[in-house]
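Take a look at the structure below.
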Amino acid sequence: MRRILGVLCILAATGLAMPADAQPVSQERLNSIVSMTPEQMATTGAWTKSAHERVMAHINSIKDVKIRELVLDMVVKPESKVYNAKANQSFLASPAAGGKGHHYYPGGLPVHVAEWLDVAMAWADTYEKVYRVEKVDRDLVIAALVLHDWAKVWYEWNAETGLVTKPQWYPQAWGGERGKAKWKWMGEHGAVVYAELMKRGAPESLIIATAASHFDPHWDLEKDGEGLNAALAEAAKIVNMPPIVVQPGKQMAEWWLVTYTDGAWSFSHYIAGLTALKAIEEVAVELGLKAGSLDASKLSGFVLSRVSDFRIYEVYQKAGFDMAAAKKFILEVIQDSSKYEVKN
């Protein structure tokens, strides 16, 4: 009772005043949320689960049997044959970022992929309609976008902190040194998936398309030892194979459909993602949880597997950029999330 009264006082003092007929968040409710695993959050969140189902539908639409089977195997049974490592979590439960930012919650990876698949397919339709090209290779675009962040299945949710950790074998990110090229994501998850595709004998065009998600095949082709060709060379070195070299003037149009769908992430990362995470953390503290604690991190994952950071930002924006409105919405989700959930 003392805790509930304390929560009510905090809510009143911070502008999260409750409607007269509403109930505060009980300790039992908080306990039930923070006891959930990332897998449980992702599989019971209606929109995270539906995003995963949409991704699987796109994969199953791939007409090339070998490519479809390759992608299905990597997504359904994530295992690195290069590093001899099986993932401890599913593609569904994985985040799309290693720290606070875009799609940083259980289910964030399939949501991130589903968004760009839908955008890319619409772009392919438009490209054919406007420019009257005969046919975009949708198999190539789908496979590359599904796999571009595949290695983030090893962005594992730490059970002790609620944060993302990576295994010791994971390649270190590098690049973007002073006076050098702009990229800071050489190595890392990109190197893992490019090398994996080389090891598995994927078509060269698919390997390049996957790498093109991170590097524009024209502007980012190569500069000061970094860029698309450097990333491909790094992956080839990992698997002791000859490097793939993209030649100017011999670039596939499909590669840019991959580049400029995944390349539109600044809003999702720096604006929607960070705003939503800040609002949720403030609510967590006002509910008596310690900022950055395991319980606060799990509460954040729970909320964002129910309603997206984009949805929270929309509430914030429509209220005239009023953080109190976003926090009120978040609190309502914590109180009763049933309409945002599915039962397994």
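Starting from 1 in every chain, residues are counted up; chains themselves are A, B, ... following the order of the structure tokens, and ligands are numbered from 1 as listed.
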Which residues, written as JSON, numbers by chain, have at least one atom at most 12 Å from A:Ser90, with only C-alpha atoms counted and residues fewer than 5 positions away on the same chain left out? {"A": [38, 39, 40, 42, 43, 52, 74, 75, 76, 77, 78, 79, 95, 106, 107, 108, 109, 110, 150, 151, 152, 153, 154, 155, 156, 157]}
Run DSSP on the backbone and give me the residues of stretch 74-143 of chain A it puts in helix (DSSP H, G or I), as a PDB file with N, CA and C atoms, in the first residue's frame.
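Below is the file that was written, out.pdb:
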ATOM      1  N   MET A  74      18.960 -19.304 -42.788  1.00  0.00           N
ATOM      2  CA  MET A  74      19.673 -18.337 -41.955  1.00  0.00           C
ATOM      3  C   MET A  74      18.746 -17.647 -40.958  1.00  0.00           C
ATOM      4  N   VAL A  75      17.494 -17.442 -41.333  1.00  0.00           N
ATOM      5  CA  VAL A  75      16.547 -16.751 -40.447  1.00  0.00           C
ATOM      6  C   VAL A  75      15.923 -17.699 -39.428  1.00  0.00           C
ATOM      7  N   VAL A  76      15.538 -18.869 -39.868  1.00  0.00           N
ATOM      8  CA  VAL A  76      14.852 -19.816 -38.983  1.00  0.00           C
ATOM      9  C   VAL A  76      15.818 -20.505 -38.027  1.00  0.00           C
ATOM     10  N   GLY A 108      12.599  -5.851 -32.558  1.00  0.00           N
ATOM     11  CA  GLY A 108      13.027  -4.708 -33.355  1.00  0.00           C
ATOM     12  C   GLY A 108      13.632  -5.093 -34.692  1.00  0.00           C
ATOM     13  N   LEU A 109      14.329  -6.224 -34.741  1.00  0.00           N
ATOM     14  CA  LEU A 109      14.954  -6.644 -35.999  1.00  0.00           C
ATOM     15  C   LEU A 109      13.922  -6.977 -37.077  1.00  0.00           C
ATOM     16  N   PRO A 110      12.927  -7.835 -36.805  1.00  0.00           N
ATOM     17  CA  PRO A 110      11.939  -8.089 -37.856  1.00  0.00           C
ATOM     18  C   PRO A 110      11.116  -6.860 -38.224  1.00  0.00           C
ATOM     19  N   VAL A 111      10.863  -5.955 -37.264  1.00  0.00           N
ATOM     20  CA  VAL A 111      10.139  -4.721 -37.587  1.00  0.00           C
ATOM     21  C   VAL A 111      10.959  -3.879 -38.560  1.00  0.00           C
ATOM     22  N   HIS A 112      12.232  -3.715 -38.269  1.00  0.00           N
ATOM     23  CA  HIS A 112      13.140  -2.949 -39.124  1.00  0.00           C
ATOM     24  C   HIS A 112      13.177  -3.537 -40.535  1.00  0.00           C
ATOM     25  N   VAL A 113      13.268  -4.859 -40.616  1.00  0.00           N
ATOM     26  CA  VAL A 113      13.333  -5.525 -41.915  1.00  0.00           C
ATOM     27  C   VAL A 113      11.998  -5.416 -42.656  1.00  0.00           C
ATOM     28  N   ALA A 114      10.893  -5.617 -41.934  1.00  0.00           N
ATOM     29  CA  ALA A 114       9.574  -5.560 -42.574  1.00  0.00           C
ATOM     30  C   ALA A 114       9.306  -4.188 -43.172  1.00  0.00           C
ATOM     31  N   GLU A 115       9.704  -3.147 -42.442  1.00  0.00           N
ATOM     32  CA  GLU A 115       9.500  -1.786 -42.950  1.00  0.00           C
ATOM     33  C   GLU A 115      10.189  -1.596 -44.294  1.00  0.00           C
ATOM     34  N   TRP A 116      11.468  -1.966 -44.362  1.00  0.00           N
ATOM     35  CA  TRP A 116      12.211  -1.726 -45.584  1.00  0.00           C
ATOM     36  C   TRP A 116      11.795  -2.651 -46.716  1.00  0.00           C
ATOM     37  N   LEU A 117      11.352  -3.853 -46.393  1.00  0.00           N
ATOM     38  CA  LEU A 117      10.845  -4.733 -47.445  1.00  0.00           C
ATOM     39  C   LEU A 117       9.611  -4.133 -48.106  1.00  0.00           C
ATOM     40  N   ASP A 118       8.683  -3.638 -47.293  1.00  0.00           N
ATOM     41  CA  ASP A 118       7.471  -3.040 -47.855  1.00  0.00           C
ATOM     42  C   ASP A 118       7.799  -1.796 -48.679  1.00  0.00           C
ATOM     43  N   VAL A 119       8.722  -0.966 -48.169  1.00  0.00           N
ATOM     44  CA  VAL A 119       9.127   0.238 -48.897  1.00  0.00           C
ATOM     45  C   VAL A 119       9.809  -0.142 -50.210  1.00  0.00           C
ATOM     46  N   ALA A 120      10.716  -1.099 -50.154  1.00  0.00           N
ATOM     47  CA  ALA A 120      11.468  -1.491 -51.350  1.00  0.00           C
ATOM     48  C   ALA A 120      10.570  -2.097 -52.420  1.00  0.00           C
ATOM     49  N   MET A 121       9.586  -2.888 -52.003  1.00  0.00           N
ATOM     50  CA  MET A 121       8.673  -3.471 -52.989  1.00  0.00           C
ATOM     51  C   MET A 121       7.818  -2.391 -53.656  1.00  0.00           C
ATOM     52  N   ALA A 122       7.414  -1.395 -52.874  1.00  0.00           N
ATOM     53  CA  ALA A 122       6.659  -0.278 -53.460  1.00  0.00           C
ATOM     54  C   ALA A 122       7.545   0.522 -54.405  1.00  0.00           C
ATOM     55  N   TRP A 123       8.805   0.681 -54.026  1.00  0.00           N
ATOM     56  CA  TRP A 123       9.749   1.392 -54.881  1.00  0.00           C
ATOM     57  C   TRP A 123       9.980   0.609 -56.176  1.00  0.00           C
ATOM     58  N   ALA A 124      10.083  -0.711 -56.087  1.00  0.00           N
ATOM     59  CA  ALA A 124      10.254  -1.534 -57.284  1.00  0.00           C
ATOM     60  C   ALA A 124       9.058  -1.382 -58.218  1.00  0.00           C
ATOM     61  N   ASP A 125       7.850  -1.374 -57.643  1.00  0.00           N
ATOM     62  CA  ASP A 125       6.645  -1.163 -58.458  1.00  0.00           C
ATOM     63  C   ASP A 125       6.692   0.193 -59.158  1.00  0.00           C
ATOM     64  N   THR A 126       7.081   1.211 -58.408  1.00  0.00           N
ATOM     65  CA  THR A 126       7.146   2.568 -58.957  1.00  0.00           C
ATOM     66  C   THR A 126       8.212   2.677 -60.039  1.00  0.00           C
ATOM     67  N   TYR A 127       9.358   2.053 -59.796  1.00  0.00           N
ATOM     68  CA  TYR A 127      10.467   2.076 -60.758  1.00  0.00           C
ATOM     69  C   TYR A 127      10.021   1.487 -62.098  1.00  0.00           C
ATOM     70  N   GLU A 128       9.316   0.368 -62.032  1.00  0.00           N
ATOM     71  CA  GLU A 128       8.825  -0.265 -63.259  1.00  0.00           C
ATOM     72  C   GLU A 128       7.778   0.595 -63.953  1.00  0.00           C
ATOM     73  N   LYS A 129       6.885   1.171 -63.141  1.00  0.00           N
ATOM     74  CA  LYS A 129       5.775   1.952 -63.703  1.00  0.00           C
ATOM     75  C   LYS A 129       6.257   3.258 -64.317  1.00  0.00           C
ATOM     76  N   VAL A 130       7.108   3.978 -63.606  1.00  0.00           N
ATOM     77  CA  VAL A 130       7.537   5.301 -64.069  1.00  0.00           C
ATOM     78  C   VAL A 130       8.569   5.191 -65.190  1.00  0.00           C
ATOM     79  N   TYR A 131       9.548   4.312 -65.018  1.00  0.00           N
ATOM     80  CA  TYR A 131      10.646   4.232 -65.975  1.00  0.00           C
ATOM     81  C   TYR A 131      10.452   3.161 -67.040  1.00  0.00           C
ATOM     82  N   ARG A 138      13.168  -8.792 -57.701  1.00  0.00           N
ATOM     83  CA  ARG A 138      12.680  -8.711 -56.320  1.00  0.00           C
ATOM     84  C   ARG A 138      13.311  -9.758 -55.418  1.00  0.00           C
ATOM     85  N   ASP A 139      13.659 -10.908 -55.963  1.00  0.00           N
ATOM     86  CA  ASP A 139      14.347 -11.931 -55.168  1.00  0.00           C
ATOM     87  C   ASP A 139      15.612 -11.356 -54.543  1.00  0.00           C
ATOM     88  N   LEU A 140      16.371 -10.649 -55.331  1.00  0.00           N
ATOM     89  CA  LEU A 140      17.637 -10.081 -54.884  1.00  0.00           C
ATOM     90  C   LEU A 140      17.412  -9.031 -53.797  1.00  0.00           C
ATOM     91  N   VAL A 141      16.446  -8.158 -54.018  1.00  0.00           N
ATOM     92  CA  VAL A 141      16.162  -7.077 -53.069  1.00  0.00           C
ATOM     93  C   VAL A 141      15.647  -7.645 -51.745  1.00  0.00           C
ATOM     94  N   ILE A 142      14.719  -8.586 -51.825  1.00  0.00           N
ATOM     95  CA  ILE A 142      14.153  -9.176 -50.607  1.00  0.00           C
ATOM     96  C   ILE A 142      15.235  -9.884 -49.802  1.00  0.00           C
ATOM     97  N   ALA A 143      15.998 -10.733 -50.468  1.00  0.00           N
ATOM     98  CA  ALA A 143      17.031 -11.503 -49.766  1.00  0.00           C
ATOM     99  C   ALA A 143      18.043 -10.587 -49.101  1.00  0.00           C
TER     100      ALA A 143
END
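Among the candidates A:Val258, A:Pro24, A:Thr37, A:Ala46, the one nearest to A:Lys343 when counting only C-alpha atoms is A:Ala46.
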Non-local contacts of stretch 213-215 of chain A (12 Å; only C-alpha atoms; under 6 positions in same chain excluded) as a ChimeraX atom specification: /A:113,116,120,141-150,181-191,193-194,206-207,221-223,226-232,246,254-265
Using only C-alpha atoms: which of A:Glu332, A:Leu72, A:Val164, A:Asp224 has the shortest distance to A:Val55: A:Leu72
Please provide as a ChimeraX atom specification all residues within 9 Å of A:Met252, with the sequence filter that same-chain residues fewer than 5 positions apart are discarded (counting only C-alpha atoms). /A:205,209,217
In Å and to one decimal, atom CA of A:Ser297 is distant from atom CA of A:Leu163 by 6.9 Å
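For A:Ile330, the set of protein, DNA and RNA residues having any atom at most 9 Å away, when counting only C-alpha atoms and skipping those fewer than 5 positions along the same chain, is Ala279, Ile280, Val283, Val303, Val307, Ile312, Ala325 and Gln335 of chain A.
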